[in-house]
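Content type mmCIF, C-alpha atoms and all ligand atoms, from the file protein.cif:
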```cif
data_input
loop_
_atom_site.label_atom_id
_atom_site.label_comp_id
_atom_site.auth_asym_id
_atom_site.auth_seq_id
_atom_site.Cartn_x
_atom_site.Cartn_y
_atom_site.Cartn_z
CA MET A 1 -9.53 94.18 -29.69
CA ALA A 2 -6.28 94.08 -31.59
CA THR A 3 -6.27 96.01 -34.82
CA ALA A 4 -4.87 94.76 -38.11
CA ALA A 5 -1.82 96.99 -37.60
CA ASP A 6 -1.03 95.43 -34.20
CA LEU A 7 -1.32 91.95 -35.65
CA ASP A 8 1.07 92.94 -38.42
CA ALA A 9 3.80 92.98 -35.76
CA LEU A 10 3.29 89.24 -35.13
CA ILE A 11 4.37 86.17 -37.10
CA ALA A 12 3.03 82.64 -36.76
CA CYS A 13 5.51 79.95 -37.83
CA PRO A 14 3.88 78.18 -40.82
CA GLN A 15 5.40 74.85 -39.69
CA CYS A 16 4.60 74.78 -35.95
CA ASP A 17 2.28 77.75 -35.28
CA ALA A 18 4.62 79.30 -32.67
CA LEU A 19 3.90 83.00 -32.30
CA HIS A 20 6.77 85.48 -32.65
CA THR A 21 7.17 89.22 -32.70
CA ALA A 22 8.38 90.11 -36.18
CA VAL A 23 11.80 91.68 -35.77
CA GLU A 24 13.43 92.25 -39.10
CA PRO A 25 17.03 90.97 -38.77
CA ALA A 26 20.00 92.84 -40.21
CA MET A 27 20.55 92.48 -43.96
CA GLY A 28 22.01 89.08 -44.78
CA GLU A 29 20.95 87.56 -41.44
CA ARG A 30 18.07 85.20 -40.83
CA ALA A 31 15.32 85.12 -38.24
CA THR A 32 14.36 81.54 -37.44
CA CYS A 33 11.53 79.97 -35.47
CA ASN A 34 12.38 79.45 -31.83
CA ARG A 35 10.70 76.09 -31.68
CA CYS A 36 11.29 74.32 -34.98
CA GLY A 37 14.05 76.38 -36.61
CA THR A 38 12.16 77.22 -39.81
CA VAL A 39 13.58 80.34 -41.48
CA LEU A 40 10.98 83.08 -41.10
CA ILE A 41 12.68 86.21 -42.40
CA ALA A 42 15.88 86.45 -44.44
CA PRO A 43 16.28 89.89 -46.00
CA ARG A 44 19.09 90.62 -48.48
CA ARG A 45 20.25 94.02 -49.60
CA GLY A 46 18.97 94.92 -53.06
CA ALA A 47 17.35 91.49 -53.29
CA PHE A 48 14.36 92.52 -55.41
CA LEU A 49 16.53 93.96 -58.15
CA ARG A 50 18.86 90.96 -58.15
CA VAL A 51 15.97 88.51 -58.19
CA ILE A 52 14.52 90.31 -61.21
CA ALA A 53 17.88 90.21 -63.00
CA LEU A 54 18.20 86.47 -62.29
CA ALA A 55 14.62 85.83 -63.43
CA VAL A 56 15.29 87.62 -66.73
CA ALA A 57 18.42 85.49 -67.15
CA ILE A 58 16.32 82.35 -66.56
CA VAL A 59 13.85 83.27 -69.30
CA ILE A 60 16.61 84.00 -71.81
CA LEU A 61 18.63 80.88 -70.97
CA MET A 62 15.54 78.70 -71.17
CA LEU A 63 14.65 80.01 -74.64
CA GLY A 64 18.13 79.11 -75.82
CA ALA A 65 18.29 75.83 -73.94
CA THR A 66 14.98 74.62 -75.33
CA PHE A 67 15.60 75.00 -79.01
CA PHE A 68 19.37 74.73 -79.55
CA PRO A 69 20.72 71.18 -79.84
CA PHE A 70 21.12 69.75 -76.37
CA LEU A 71 22.96 66.48 -76.97
CA ARG A 72 24.26 64.83 -80.11
CA VAL A 73 24.55 61.07 -80.28
CA ASN A 74 26.82 59.23 -82.66
CA VAL A 75 26.54 55.49 -83.28
CA ALA A 76 28.59 53.88 -86.03
CA GLY A 77 28.45 57.03 -88.15
CA MET A 78 24.72 57.56 -87.57
CA LYS A 79 24.09 60.92 -85.97
CA HIS A 80 21.11 62.28 -84.11
CA ALA A 81 20.82 65.61 -82.37
CA SER A 82 18.06 66.36 -79.94
CA SER A 83 16.91 69.42 -78.06
CA VAL A 84 15.32 69.62 -74.61
CA PHE A 85 12.07 70.00 -76.46
CA ASP A 86 12.61 66.63 -78.17
CA ALA A 87 13.14 65.04 -74.76
CA ALA A 88 9.80 66.38 -73.64
CA LEU A 89 8.15 65.11 -76.81
CA ALA A 90 9.70 61.65 -76.50
CA PHE A 91 6.47 60.16 -75.16
CA MET A 92 4.43 61.65 -78.00
CA ASP A 93 4.01 58.51 -80.13
CA GLY A 94 1.64 56.46 -78.08
CA GLY A 95 -1.81 57.21 -76.67
CA ILE A 96 -1.86 58.12 -72.98
CA MET A 97 1.91 58.63 -73.04
CA ILE A 98 1.15 62.06 -74.57
CA GLY A 99 0.09 63.18 -71.11
CA LEU A 100 3.57 62.31 -69.88
CA SER A 101 5.09 64.42 -72.66
CA VAL A 102 3.04 67.42 -71.64
CA ALA A 103 3.98 66.86 -68.00
CA VAL A 104 7.70 66.60 -68.74
CA ALA A 105 7.57 69.75 -70.89
CA ALA A 106 5.81 71.53 -68.06
CA LEU A 107 8.18 70.35 -65.33
CA ILE A 108 11.43 71.18 -67.08
CA VAL A 109 10.54 74.12 -69.36
CA LEU A 110 7.17 75.77 -68.86
CA ILE A 111 6.97 75.95 -65.06
CA PRO A 112 10.50 77.33 -64.53
CA VAL A 113 9.85 80.03 -67.16
CA LEU A 114 6.39 80.82 -65.82
CA ARG A 115 7.76 81.18 -62.28
CA ALA A 116 10.46 83.57 -63.51
CA ALA A 117 7.89 85.63 -65.44
CA LEU A 118 5.54 85.82 -62.45
CA VAL A 119 8.34 86.98 -60.17
CA ILE A 120 9.29 89.73 -62.62
CA TYR A 121 5.65 90.83 -62.79
CA VAL A 122 5.36 90.94 -59.00
CA LEU A 123 8.69 92.56 -58.13
CA ALA A 124 9.29 95.02 -61.01
CA PRO A 125 6.85 97.70 -59.77
CA LEU A 126 8.07 97.27 -56.18
CA THR A 127 11.68 98.00 -57.10
CA LEU A 128 10.51 101.16 -58.89
CA GLY A 129 8.73 102.24 -55.71
CA ARG A 130 5.32 101.84 -57.35
CA PRO A 131 2.27 100.01 -55.96
CA PRO A 132 1.98 96.37 -57.07
CA LEU A 133 0.34 95.62 -60.41
CA PRO A 134 -3.20 94.21 -60.40
CA GLY A 135 -3.18 90.50 -59.70
CA ALA A 136 0.27 90.59 -58.10
CA VAL A 137 -0.99 88.68 -55.03
CA PRO A 138 -2.44 85.68 -56.92
CA ALA A 139 0.59 85.81 -59.25
CA PHE A 140 3.04 85.42 -56.36
CA ARG A 141 0.83 82.75 -54.81
CA LEU A 142 0.94 80.76 -58.05
CA SER A 143 4.69 81.21 -58.29
CA GLU A 144 5.12 79.79 -54.76
CA ASP A 145 2.69 76.93 -55.42
CA LEU A 146 4.70 75.93 -58.47
CA ARG A 147 8.05 75.91 -56.66
CA PRO A 148 8.17 72.13 -55.98
CA TRP A 149 7.05 71.42 -59.55
CA SER A 150 9.92 73.26 -61.17
CA MET A 151 12.33 70.40 -61.84
CA ALA A 152 15.11 71.76 -64.06
CA GLU A 153 17.80 70.70 -61.58
CA ILE A 154 16.45 67.16 -61.39
CA PHE A 155 16.44 67.00 -65.19
CA VAL A 156 20.16 67.84 -65.22
CA ILE A 157 20.93 64.87 -62.97
CA GLY A 158 18.73 62.77 -65.26
CA VAL A 159 20.90 63.85 -68.20
CA ALA A 160 24.03 62.72 -66.37
CA VAL A 161 22.51 59.30 -65.71
CA ALA A 162 21.29 58.98 -69.30
CA LEU A 163 24.74 59.76 -70.65
CA VAL A 164 26.28 56.93 -68.67
CA LYS A 165 23.56 54.58 -69.88
CA VAL A 166 24.25 55.24 -73.58
CA SER A 167 28.00 55.54 -73.22
CA ASP A 168 28.63 51.90 -74.09
CA MET A 169 26.47 52.00 -77.20
CA ALA A 170 27.15 55.46 -78.53
CA ARG A 171 29.36 58.53 -78.36
CA VAL A 172 27.58 61.63 -77.05
CA ASP A 173 28.55 65.27 -77.63
CA TYR A 174 27.22 68.22 -75.68
CA GLY A 175 25.43 70.93 -77.65
CA PRO A 176 25.31 74.62 -76.63
CA ALA A 177 21.92 74.11 -74.98
CA PHE A 178 23.43 71.72 -72.47
CA TRP A 179 25.65 74.44 -71.02
CA MET A 180 22.80 76.95 -71.10
CA PHE A 181 20.65 74.54 -69.15
CA ALA A 182 23.39 73.91 -66.59
CA ALA A 183 23.81 77.69 -66.13
CA LEU A 184 20.04 78.01 -65.77
CA VAL A 185 19.99 75.58 -62.87
CA VAL A 186 22.65 77.57 -61.00
CA VAL A 187 20.77 80.82 -61.65
CA SER A 188 17.45 79.31 -60.43
CA VAL A 189 19.00 78.16 -57.17
CA LEU A 190 20.54 81.61 -56.65
CA LYS A 191 17.19 83.25 -57.36
CA ASP A 192 15.30 81.09 -54.89
CA THR A 193 17.81 81.63 -52.09
CA MET A 194 17.73 85.40 -52.70
CA MET A 195 13.96 85.64 -52.29
CA CYS A 196 12.62 86.34 -48.80
CA LYS A 197 8.95 85.43 -48.96
CA TRP A 198 8.07 87.42 -45.86
CA THR A 199 9.57 90.64 -47.26
CA ILE A 200 7.72 90.19 -50.55
CA TRP A 201 4.36 89.36 -48.94
CA ARG A 202 4.70 92.36 -46.65
CA ALA A 203 5.42 94.61 -49.61
CA LEU A 204 2.31 93.26 -51.34
CA ASP A 205 0.07 93.55 -48.27
CA PRO A 206 -2.87 95.84 -49.04
CA THR A 207 -3.50 96.34 -45.29
CA VAL A 208 0.02 97.65 -44.63
CA ARG A 209 0.94 100.73 -46.61
CA SER A 210 4.06 102.30 -45.20
CA MET B 211 22.14 84.20 -36.44
CA ALA B 212 19.32 86.44 -35.28
CA ARG B 213 16.17 84.82 -34.01
CA ALA B 214 12.72 86.29 -34.10
CA ARG B 215 11.88 87.09 -30.50
CA SER B 216 9.43 84.60 -29.07
CA HIS B 217 6.95 84.65 -26.28
CA ARG B 218 8.09 82.23 -23.61
CA PRO B 219 6.98 79.55 -22.87
CA ILE B 220 6.13 78.91 -26.51
CA LEU B 221 2.76 80.39 -27.28
CA THR B 222 1.06 79.32 -30.47
CA ALA B 223 -1.12 81.55 -32.60
CA ARG B 224 -4.06 79.35 -31.62
CA ASP B 225 -3.32 79.84 -27.89
CA GLY B 226 -3.33 83.58 -28.53
CA GLY B 227 -6.77 83.46 -30.11
CA LEU B 228 -5.23 83.94 -33.54
CA VAL B 229 -4.91 82.00 -36.73
CA GLY B 230 -1.64 82.10 -38.66
CA CYS B 231 -1.42 82.09 -42.44
CA THR B 232 0.78 79.16 -43.51
CA ARG B 233 1.79 80.97 -46.69
CA CYS B 234 2.74 84.49 -45.60
CA THR B 235 2.94 84.01 -41.78
CA ARG B 236 0.53 86.92 -41.11
CA VAL B 237 -1.81 86.36 -38.14
CA TRP B 238 -5.52 87.16 -37.93
CA PRO B 239 -8.17 86.86 -35.22
CA LEU B 240 -9.36 83.23 -34.88
CA GLY B 241 -12.34 82.71 -37.16
CA THR B 242 -11.04 84.84 -40.04
CA SER B 243 -11.64 82.75 -43.16
CA VAL B 244 -9.22 84.19 -45.73
CA CYS B 245 -5.84 85.89 -45.26
CA ARG B 246 -6.19 89.48 -46.38
CA ARG B 247 -2.51 89.74 -47.16
CA CYS B 248 -2.13 86.83 -49.57
CA GLY B 249 -5.64 85.43 -50.11
CA THR B 250 -4.93 81.96 -48.68
CA PRO B 251 -7.84 80.26 -46.87
CA LEU B 252 -7.09 80.21 -43.13
CA GLU B 253 -7.48 77.18 -40.91
CA SER B 254 -5.92 76.94 -37.49
CA ARG B 255 -5.32 73.20 -37.96
CA ARG B 256 -6.06 71.26 -41.12
CA TRP B 257 -7.33 68.04 -39.53
CA SER B 258 -9.43 67.38 -42.62
CA SER B 259 -6.19 67.37 -44.58
CA LEU B 260 -5.36 63.94 -43.15
CA GLN B 261 -8.02 62.41 -45.37
CA ARG B 262 -6.37 64.00 -48.38
CA VAL B 263 -2.96 62.78 -47.21
CA TRP B 264 -4.24 59.21 -47.11
CA ALA B 265 -6.19 59.47 -50.37
CA TRP B 266 -3.12 60.65 -52.34
CA TRP B 267 -0.96 58.13 -50.47
CA ILE B 268 -3.16 55.23 -51.57
CA VAL B 269 -3.36 56.31 -55.23
CA GLY B 270 0.38 56.88 -55.23
CA PHE B 271 1.01 53.43 -53.81
CA VAL B 272 -1.34 51.78 -56.31
CA CYS B 273 0.59 53.46 -59.15
CA TYR B 274 3.94 52.41 -57.71
CA ILE B 275 3.20 48.68 -58.01
CA PRO B 276 2.83 48.48 -61.83
CA ALA B 277 5.74 50.92 -62.07
CA ASN B 278 7.95 48.14 -60.74
CA LEU B 279 6.40 45.28 -62.68
CA TYR B 280 6.25 46.74 -66.20
CA PRO B 281 9.23 47.85 -68.28
CA MET B 282 10.48 51.41 -68.02
CA LEU B 283 12.54 51.22 -71.20
CA ARG B 284 12.45 49.25 -74.46
CA THR B 285 15.88 49.17 -76.07
CA ARG B 286 16.31 47.89 -79.61
CA VAL B 287 19.81 47.38 -80.99
CA LEU B 288 19.53 46.13 -84.57
CA PHE B 289 16.92 43.39 -84.17
CA ARG B 290 17.44 42.52 -80.53
CA VAL B 291 14.88 44.09 -78.21
CA THR B 292 15.43 44.24 -74.45
CA GLU B 293 13.05 45.53 -71.86
CA ASP B 294 14.19 46.96 -68.55
CA THR B 295 12.19 47.44 -65.40
CA ILE B 296 13.43 49.95 -62.83
CA ILE B 297 15.35 47.36 -60.83
CA GLY B 298 16.38 45.43 -63.93
CA GLY B 299 17.84 48.60 -65.41
CA ALA B 300 19.86 49.25 -62.28
CA ILE B 301 21.20 45.68 -62.25
CA GLU B 302 22.10 46.02 -65.93
CA LEU B 303 24.04 49.21 -65.16
CA ALA B 304 25.85 47.57 -62.27
CA SER B 305 26.78 44.60 -64.47
CA HIS B 306 28.47 47.07 -66.86
CA GLY B 307 30.47 48.42 -63.95
CA ALA B 308 28.51 51.69 -63.59
CA TYR B 309 27.96 51.17 -59.87
CA GLY B 310 27.62 54.87 -59.01
CA ILE B 311 24.78 55.40 -61.49
CA ALA B 312 23.11 52.16 -60.47
CA VAL B 313 23.08 53.43 -56.91
CA VAL B 314 21.62 56.79 -58.01
CA ILE B 315 18.78 55.00 -59.81
CA LEU B 316 18.10 52.63 -56.93
CA VAL B 317 18.06 55.47 -54.41
CA ALA B 318 15.86 57.75 -56.55
CA SER B 319 13.43 55.10 -57.78
CA VAL B 320 13.26 52.55 -54.99
CA LEU B 321 14.67 53.84 -51.72
CA ILE B 322 13.15 57.35 -51.83
CA PRO B 323 9.63 56.28 -52.93
CA ILE B 324 9.38 53.43 -50.40
CA GLY B 325 10.94 55.55 -47.67
CA LYS B 326 8.46 58.28 -48.49
CA PHE B 327 5.45 55.98 -48.27
CA ALA B 328 6.68 54.76 -44.90
CA ALA B 329 7.51 58.25 -43.61
CA ILE B 330 4.18 59.83 -44.57
CA ALA B 331 2.23 56.92 -43.09
CA PHE B 332 4.30 57.13 -39.91
CA LEU B 333 3.75 60.90 -39.59
CA ALA B 334 0.01 60.59 -40.14
CA LEU B 335 -0.36 57.70 -37.69
CA SER B 336 1.89 59.27 -35.06
CA LEU B 337 -0.55 62.18 -34.70
CA HIS B 338 -2.85 59.85 -32.81
CA ARG B 339 -0.11 57.96 -30.99
CA PRO B 340 2.88 60.22 -30.42
CA GLY B 341 5.87 58.92 -28.50
CA LEU B 342 7.98 56.89 -30.89
CA LEU B 343 9.84 59.95 -32.11
CA ASP B 344 9.86 63.41 -30.49
CA ASN B 345 8.43 66.48 -32.21
CA HIS B 346 11.76 67.72 -33.48
CA GLY B 347 12.50 64.33 -34.97
CA ARG B 348 9.14 64.10 -36.67
CA HIS B 349 9.40 67.66 -37.96
CA LYS B 350 12.86 66.88 -39.42
CA LEU B 351 11.39 63.78 -41.05
CA TYR B 352 8.60 65.88 -42.58
CA GLU B 353 11.10 68.39 -43.94
CA VAL B 354 13.22 65.63 -45.47
CA VAL B 355 10.14 64.05 -47.11
CA GLU B 356 9.07 67.41 -48.54
CA PHE B 357 12.55 68.13 -49.86
CA ILE B 358 13.49 64.77 -51.30
CA GLY B 359 10.25 63.54 -52.90
CA ARG B 360 10.67 65.45 -56.17
CA TRP B 361 14.03 63.82 -56.84
CA SER B 362 12.34 60.52 -57.68
CA MET B 363 11.49 62.07 -61.04
CA ILE B 364 15.10 61.40 -62.17
CA ASP B 365 14.25 58.05 -63.74
CA VAL B 366 11.36 59.50 -65.74
CA PHE B 367 13.66 62.18 -67.13
CA VAL B 368 16.31 59.56 -67.95
CA VAL B 369 13.73 57.68 -69.99
CA ALA B 370 12.65 60.90 -71.74
CA ILE B 371 16.22 61.85 -72.65
CA LEU B 372 17.19 58.38 -73.83
CA SER B 373 14.04 58.07 -75.93
CA ALA B 374 14.66 61.44 -77.57
CA LEU B 375 18.34 60.86 -78.12
CA VAL B 376 18.57 57.28 -79.28
CA GLN B 377 16.44 57.22 -82.42
CA LEU B 378 18.81 55.93 -85.06
CA ASN B 379 16.57 54.18 -87.58
CA VAL B 380 17.61 50.55 -87.97
CA VAL B 381 20.71 50.71 -85.78
CA ALA B 382 19.21 51.44 -82.40
CA ALA B 383 16.16 52.91 -80.77
CA ILE B 384 15.03 53.42 -77.18
CA ASN B 385 11.36 53.87 -76.36
CA PRO B 386 9.53 54.43 -73.09
CA GLY B 387 7.61 51.58 -71.48
CA PRO B 388 4.31 51.82 -69.59
CA ALA B 389 6.08 51.96 -66.21
CA ALA B 390 7.40 55.44 -67.06
CA LEU B 391 3.84 56.76 -66.90
CA THR B 392 2.73 54.99 -63.73
CA PHE B 393 6.00 55.83 -61.99
CA ALA B 394 5.63 59.54 -62.85
CA LEU B 395 2.05 59.46 -61.54
CA SER B 396 3.19 57.77 -58.35
CA VAL B 397 5.77 60.51 -57.72
CA VAL B 398 3.19 63.25 -58.35
CA PHE B 399 0.61 61.66 -56.05
CA THR B 400 3.06 61.17 -53.18
CA MET B 401 4.20 64.79 -53.56
CA LEU B 402 0.55 65.86 -53.25
CA SER B 403 0.15 63.58 -50.25
CA ALA B 404 3.11 65.19 -48.46
CA GLN B 405 1.92 68.68 -49.36
CA SER B 406 -1.50 67.97 -47.87
CA PHE B 407 0.01 67.21 -44.48
CA ASP B 408 -0.24 70.02 -41.92
CA PRO B 409 3.04 70.02 -39.94
CA ARG B 410 1.46 72.12 -37.17
CA LEU B 411 -0.37 68.97 -36.05
CA ILE B 412 2.99 67.41 -35.13
CA TRP B 413 3.63 70.07 -32.50
CA ASP B 414 0.22 69.97 -30.88
CA ALA B 415 1.06 66.76 -29.04
CA GLU B 416 3.65 68.64 -26.96
CA ASP B 417 1.07 71.27 -26.11
CA ARG B 418 -1.41 68.62 -25.05
CA ALA B 419 1.19 67.02 -22.78
CA ARG B 420 1.95 70.37 -21.17
CA ALA B 421 -1.69 71.23 -20.57
ZN ZN A 501 8.23 76.86 -36.03
ZN ZN A 502 -1.43 84.98 -45.87
#
```

Have the structure of the file written as structure tokens, please.
Amino acid sequence: MATAADLDALIACPQCDALHTAVEPAMGERATCNRCGTVLIAPRRGAFLRVIALAVAIVILMLGATFFPFLRVNVAGMKHASSVFDAALAFMDGGIMIGLSVAVAALIVLIPVLRAALVIYVLAPLTLGRPPLPGAVPAFRLSEDLRPWSMAEIFVIGVAVALVKVSDMARVDYGPAFWMFAALVVVSVLKDTMMCKWTIWRALDPTVRS
Amino acid sequence: MARARSHRPILTARDGGLVGCTRCTRVWPLGTSVCRRCGTPLESRRWSSLQRVWAWWIVGFVCYIPANLYPMLRTRVLFRVTEDTIIGGAIELASHGAYGIAVVILVASVLIPIGKFAAIAFLALSLHRPGLLDNHGRHKLYEVVEFIGRWSMIDVFVVAILSALVQLNVVAAINPGPAALTFALSVVFTMLSAQSFDPRLIWDAEDRARA
């Protein structure tokens, strides 16, 4: 009968179920599945600390990006500035459209910030060499579940399309929040590529304490 | 690039009497119900998930139809009101010479959703009748569907931004149409449909052939 410790040395590919012996590759290299090529382990040196720094940057940038003016439109002397928050509230006027407002606010503001906060909560004690905080496992699970629903980068492309659409009827200026939001997208991508899920789950594993 | 060492010929966790966690890749003896590392319920193969795949697929498809028939945007310039559907909006853009953006909208709102419906249906059906596309091909297709589905949200965000930005009293105003809601729902439901699919089922066909 294999013990939990023996099984810890094995990895099943989440995409194709192929069984591998977990061999941690050198820092900066990636271990991929032999059958389907899915990346299984991708450790980076000092990754936890960098991920935390990037997550803090995301929270700060998002606070700024949400409430500072995002775009300013100018039609025949009439001016109107709007923040990211206004964009989310655009569907607020009519009935069931309110649901869409809430969803847009969640997709572009709340979920990205929540994911950053959860990652800080999970990784901060680990970088200090402490045991994980209570609830770290469900917190990281939630953060991973929310990954596809964090749509800041898609919103940025949406902004580009919207600007072309209004360009023949109005002049549009970028506010400070626009640049903050653009920076936030870059930082989010960096953060997600830095994170090796396997390393984090192993560090959180209550059955492996080494 | 280092590769995790593998048992050859390819042995699956199920062959080894184990069940793998799809979230944290930890393996447990077959029959374990919850992963003790990350708390995810364990199932060697989620055959039941196919029902969920189809259920979300159908709701998503039902929402996609009105999304194309009703207007996405209501634009009022002075007293002239125009309504644009998804395709109408793209044609309008192209007629103004903004071909690049028209293509972005058509790809995100028409090509990706329809391609996704077709791809998910194909993947689900091919589990019973493999052969048209090999496992690697189908797995690639699944990865593309997973990656690209979210990008259909672009048009919803465009509507949100335009509606927030262009509110200039009597001069001009842009407001969302009902299609914005059904289109957003359609994107969400198809994302859920793709997420319900268990890619491990794709690879089992090869194992059956070998056995
Ligand atoms: Zn694999
Ligand atoms: Zn697990």

(message) Neighbouring residues of ligand ZN 501 (chain A) are defined here as those with any atom at most 6 Å from a ligand atom, counting all atoms listed in the file; list them as a list in words.
(response)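 Based on all atoms listed in the file, ligand ZN 501 (chain A) is surrounded within 6 Å by Cys13, Gln15, Cys16, Ala18, Cys33, Arg35, Cys36, Gly37 and Thr38 of chain A.
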
(request) May I ask you to write as a PyMOL selection string all residues lying at most 12 Å from ligand ZN 502 (chain A), with all atoms listed in the file counted? (result) (chain A and resi 8+11-14+137-138+140-141+197-198+200-202+204-207) or (chain B and resi 229-238+242-253)

(message) Set the distance at 6 Å and use all atoms listed in the file: which residues neighbour segment 57-65 of chain A once local chain neighbours fewer than 6 positions away are removed? I'd like the list as a list in words.
(response) Val113, Ala177, Met180, Phe181 and Leu184 of chain A

Counting all atoms listed in the file, which residues have an atom no more than 10 Å from (-4.8, 61.9, -46.3) in the file's coordinates? Please list them as a PDB file with C-alpha atoms, in the frame of the given file.
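Contents of point-v5.pdb, freshly written:
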```pdb
ATOM      1  CA  TRP B 257      -7.330  68.040 -39.530  1.00  0.00           C
ATOM      2  CA  SER B 258      -9.430  67.380 -42.620  1.00  0.00           C
ATOM      3  CA  SER B 259      -6.190  67.370 -44.580  1.00  0.00           C
ATOM      4  CA  LEU B 260      -5.360  63.940 -43.150  1.00  0.00           C
ATOM      5  CA  GLN B 261      -8.020  62.410 -45.370  1.00  0.00           C
ATOM      6  CA  ARG B 262      -6.370  64.000 -48.380  1.00  0.00           C
ATOM      7  CA  VAL B 263      -2.960  62.780 -47.210  1.00  0.00           C
ATOM      8  CA  TRP B 264      -4.240  59.210 -47.110  1.00  0.00           C
ATOM      9  CA  ALA B 265      -6.190  59.470 -50.370  1.00  0.00           C
ATOM     10  CA  TRP B 266      -3.120  60.650 -52.340  1.00  0.00           C
ATOM     11  CA  TRP B 267      -0.960  58.130 -50.470  1.00  0.00           C
ATOM     12  CA  ILE B 268      -3.160  55.230 -51.570  1.00  0.00           C
ATOM     13  CA  ILE B 330       4.180  59.830 -44.570  1.00  0.00           C
ATOM     14  CA  ALA B 331       2.230  56.920 -43.090  1.00  0.00           C
ATOM     15  CA  ALA B 334       0.010  60.590 -40.140  1.00  0.00           C
ATOM     16  CA  LEU B 402       0.550  65.860 -53.250  1.00  0.00           C
ATOM     17  CA  SER B 403       0.150  63.580 -50.250  1.00  0.00           C
ATOM     18  CA  ALA B 404       3.110  65.190 -48.460  1.00  0.00           C
ATOM     19  CA  SER B 406      -1.500  67.970 -47.870  1.00  0.00           C
ATOM     20  CA  PHE B 407       0.010  67.210 -44.480  1.00  0.00           C
TER      21      PHE B 407
END
```

Near segment 356-366 of chain B, 12 Å: segment 1-93 of chain A residue rows, closest pairs, all atoms listed in the file, as CSV:
```
residue,atom,partner,partner_atom,distance
A:Ala87,CA,B:Val366,CA,10.7
A:Ala88,CA,B:Val366,CA,10.6
A:Ala90,CA,B:Val366,CA,11.1
A:Phe91,CA,B:Val366,CA,10.6
```

(request) Give the residues of chain B that lie within 6 Å of chain A; count only C-alpha atoms, and format the answer as JSON, numbers by chain. (result) {"B": [212, 213, 214, 215, 216, 221, 222, 223, 230, 232, 235, 236, 247, 248, 364, 367, 368, 370, 371, 373, 374, 375, 409, 410, 413]}

(message) Need to verify the contact set: Tyr309 of chain B, 12 Å, all atoms listed in the file, exclusion of same-chain residues closer than 4 positions in sequence. Can you return it as a list in words?
(response) Val161, Val164 and Lys165 of chain A; Gly299, Ala300, Ile301, Glu302, Leu303, Ala304, Ser305, Val313, Val314, Ile315 and Leu316 of chain B

(request) May I ask for the distance between atom CA of Val291 of chain B and atom CA of Val272 of chain B, given in Å to one decimal place? (result)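 Interatomic distance here is 28.3 Å.
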
(message) Here is a test: counting all atoms listed in the file, which residue of B:Ala394, B:Gln377, B:Leu333, B:Lys326 is nearest to Val355 of chain B?
(response)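 Of all the options, B:Lys326 lies closest to Val355 of chain B.
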
(message) Please report the interatomic distance between atom CA of Pro388 of chain B and atom CA of Phe271 of chain B in Å with one decimal.
(response)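 Atom CA of Phe271 of chain B lies at a distance of 16.2 Å from atom CA of Pro388 of chain B.
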
(request) For atom CA of Gly226 of chain B and atom CA of Gly241 of chain B, determine how far apart the two atoms are, in Å to one decimal place. (result)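 The value is 12.5 Å.
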
Axis-aligned box for segment 224-230 of chain B, 8 Å per side, centre and edges in Å as JSON:
```
{"center_x": -4.2, "center_y": 81.6, "center_z": -33.3, "size_x": 21.1, "size_y": 20.6, "size_z": 26.8}
```

(request) Skip Ile384 of chain B itself and residues of its chain fewer than 5 positions away, then list as a list in words all residues within 8 Å of it, counting only C-alpha atoms. (result)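 Counting only the stated atoms, we get Leu283, Arg284, Thr285, Arg286, Leu372, Ser373, Val376 and Gln377 of chain B.
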
(request) Counting all atoms listed in the file, figure out which residue out of B:Val381, B:Ala318, B:Leu228, B:Pro386 gets nearest to Phe289 of chain B. (result) B:Val381

When you get a chance, write out N, CA, C and O atoms for segment 330-335 of chain B, as a compact mmCIF listing (two decimals), in the coordinates of the input.
```
# COMPACT_ATOMS: atom_id res chain seq x y z
N ILE B 330 5.46 59.12 -44.62
CA ILE B 330 4.18 59.83 -44.57
C ILE B 330 3.19 59.05 -43.71
O ILE B 330 2.49 59.63 -42.88
N ALA B 331 3.15 57.73 -43.89
CA ALA B 331 2.23 56.92 -43.09
C ALA B 331 2.57 57.05 -41.61
O ALA B 331 1.69 57.22 -40.77
N PHE B 332 3.87 57.01 -41.30
CA PHE B 332 4.30 57.13 -39.91
C PHE B 332 3.87 58.48 -39.33
O PHE B 332 3.32 58.54 -38.21
N LEU B 333 4.10 59.56 -40.09
CA LEU B 333 3.75 60.90 -39.59
C LEU B 333 2.25 61.01 -39.34
O LEU B 333 1.81 61.54 -38.32
N ALA B 334 1.46 60.49 -40.29
CA ALA B 334 0.01 60.59 -40.14
C ALA B 334 -0.47 59.77 -38.95
O ALA B 334 -1.31 60.22 -38.17
N LEU B 335 0.08 58.56 -38.79
CA LEU B 335 -0.36 57.70 -37.69
C LEU B 335 0.12 58.23 -36.34
O LEU B 335 -0.56 58.12 -35.33
```
